[in-house]
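Comments concern the structure below.
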Amino acid sequence: MTRDFNVIIEEDEDGILVASVPELRGCHTQAKTLDELMVRIREAIELCLEEEGDHKPLPKFVGFQRLSLDL
């Protein structure tokens with residue numbers, strides 16, 4: 001069975017890439033390169049699914065919105 005997951009990728013202040021999967025609680029990882037990050041997030045997803053089991057429904061990821069504020 002194939003399942004799709006949304007992966008949010010950010011870069012921290014030290015240039016390290018951080019990935020998280022909103023549909024899976026606690027599913028995060030980090031790496032120095034995008035290729036390495038994708039390998040690690042696949043592993044993290046597999047571990048999170050194994051931990052949660054298939055019996056729990058995944059929340060629906062709606063999206064994100066960029067908001068500008070005058071501060």
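Letters A, B, ... mark the chains of the structure tokens in the order given; residue numbers begin at 1 per chain; ligand numbers begin at 1, in order shown.
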
*Could you write out, as JSON, numbers by chain, all the residues of stretch 7-69 of chain A that DSSP marks as helix (DSSP H, G or I)?*
{"A": [34, 35, 36, 37, 38, 39, 40, 41, 42, 43, 44, 45, 46, 47, 48, 49, 50, 51, 52]}

*Please provide the set of residues having any atom within 9 Å of stretch 11-22 of chain A, restricted to only C-alpha atoms, with same-chain residues fewer than 2 positions apart removed, written as a ChimeraX atom specification.*
/A:5-9,24-34,37-38,40-41,45,59-61

Limited to C-alpha atoms, could you put the picked residues into a file as a compact mmCIF listing (two decimals), in the first residue's frame?
# COMPACT_ATOMS: atom_id res chain seq x y z
CA PHE A 5 2.84 12.30 3.57
CA ASN A 6 3.44 16.05 3.63
CA VAL A 7 6.97 16.95 4.72
CA ILE A 8 7.72 20.45 6.01
CA ILE A 9 11.37 21.43 5.54
CA LEU A 24 2.50 12.07 12.47
CA ARG A 25 2.99 13.33 16.00
CA GLY A 26 6.67 13.68 16.88
CA CYS A 27 7.92 12.79 13.41
CA HIS A 28 10.99 15.02 12.94
CA THR A 29 14.58 14.67 11.79
CA GLN A 30 17.50 16.80 10.63
CA ALA A 31 20.46 16.60 8.24
CA LYS A 32 23.05 18.74 6.47
CA THR A 33 21.88 17.95 2.92
CA LEU A 34 18.49 17.52 1.28
CA LEU A 37 17.24 14.58 4.98
CA MET A 38 14.93 12.64 2.64
CA ARG A 40 16.18 10.19 7.32
CA ILE A 41 12.57 11.41 7.09
CA ILE A 45 8.00 8.02 9.06
CA PRO A 59 -5.18 13.94 11.00
CA LYS A 60 -5.80 15.65 7.70
CA PHE A 61 -3.06 18.14 6.78

_DSSP strand (DSSP E or B) residues within chain A, listed as a list in words_ =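 The strand (DSSP E or B) subset of chain A is Ile8, Ile9, Glu10, Glu11, Leu17, Val18, Ala19, Ser20, His28, Thr29, Gln30 and Ala31 of chain A.
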
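Put simply, atom CA of A:Asp35 is 23.9 Å away from atom CA of A:Met1.
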
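The spacing separating atom CA of A:Gln65 from atom CA of A:Arg42 amounts to 25.0 Å.
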
_To one decimal place in Å, what is the distance between atom CA of A:Asp4 and atom CA of A:Leu58?_
11.3 Å
